[in-house]
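Asks: Sending over a structure as structure tokens; questions will come in a sec.
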Amino acid sequence: MKQLLFLTNIPAPYKTALFNELGKYTNLTVLYERKSASNRNVQWNTLSRQNYTEIFLNGISVTAETAFCIKIGNYLTKTYDFIIVGGYSTPTGMLAILKLYCKKIPFLISADGGFIKNDTPFKKAVKTFFISKASAWFSSGDTTTGYLMHYGAKKKHIYNYPFTSVMEKDITAKADPVRQNELRKKLGINEPQMVLSVGSYIYRKGYDVLIKAMKQLPKDIGVYIVGGKPTEEYQTLKNTYQLKNLHFIDFKKKDELAEYYQAADLFVLPTREDIWGLVINEAMAFGLPVITTNRCIAGLELIENKKNGFIIENEHANELAEKIMEILTCPELCKEMSQNNIQQIQNYTIEKMAARYLEVLDQLSSQ
């Protein structure tokens, strides 16, 4: 059984699920920079560890989700068959790469996503140094592969994998009208049509764009944003535009959130930038058509215009309103998109993500 070391920043539901799956087939040790993120609800990760060893490094907090762990080098030894660096851009991740490079220990980088930036020469050189030192790279798709190559990765050693948070058992057909009505009554949803979004109330998610788009939508379309406590700005926009059909919903645990997905007709993520955007995978697993922006890598990899949703220009409230109406006013289009998303997401499960990791590691072992 392979000895595998995986370095990442914090436990997360999809990570725990992936590690539980990988731990069935490898002797897996996971190094975490910190036990939790200070900007996450404590109920966010309810999955428990199975099949692997986890070690929490005692480091100095740097950001809400990272820490600087000076002792990381103590764990980076040649006793492992493979070392995978997940958080390669964190202070601890960069220190780990530097130590592995100095010790001449091969390692892999696993990248969830990445957008090429207009970097200064110095910043590009720093990124290139750390990314290029890996012997192989896991990439979540074409956009990420382009990003990795821009910063020094070699194309022939880049291996795509299906990045996801969805287990096979999580995939379900879109709720029928009877079930939808039952859930809407339970959740207090009174509008005949429902648009759902899930995410933190931060500028990057672009909810102000969605709120502005609502000025062009009929008042009988309810928009529900699940993500915690809304900012004062969003409350002010709601009041200014007199949007009684806009609803801010507090954080929900996975089983509670599932009911919102099942009650909805359409999922929207108006993000200004998401390095992936796992809520896209989750919405697809419930058969929801998806609208997101050209700054969401999950959308770029998984959504095809008119097939299972729409990709719109970032910041375009008018286009967002148009696409919402195009889907909601055409039941046949909505049904077709729903069916296509259920089919598409079958290829993006935790089980298949783990299987791809193992396939690549087997391939590298034989080289």
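Residue numbers start at 1 in each chain; chains themselves are named A, B, ... in the order of the structure tokens; ligands are numbered from 1 in the order shown.
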Would you kindly return, as a VMD selection string, each protein, DNA or RNA residue with an atom no farther than 7 Å from any atom of Thr128 in chain A, considering only C-alpha atoms and excluding same-chain residues fewer than 3 positions away?

Replies: chain A and resid 124 to 125 131 to 132 151 to 152

Asks: Give the answer as one residue: which of A:Asp255, A:Phe115, A:Thr79, A:Val279 has the shortest atom-to-atom distance to Asn294 in chain A, using only C-alpha atoms?

Replies: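 Among A:Asp255, A:Phe115, A:Thr79, A:Val279, it is A:Phe115 that comes nearest to Asn294 in chain A.
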
Asks: Could you pull the residues within 9 Å of Thr172 in chain A, counting only C-alpha atoms, minus those fewer than 6 positions along the same chain, as a ChimeraX atom specification?

Replies: /A:285-287,342

Asks: Which residues are near range 355-360 of chain A? Cut-off 12 Å, only C-alpha atoms, ignore same chain within fewer than 2 positions. Put them as number ranges by chain.

Replies: A: 1-4, 6, 18-19, 21-26, 28, 82, 84, 108-110, 136-140, 157-163, 347-353, 362-367
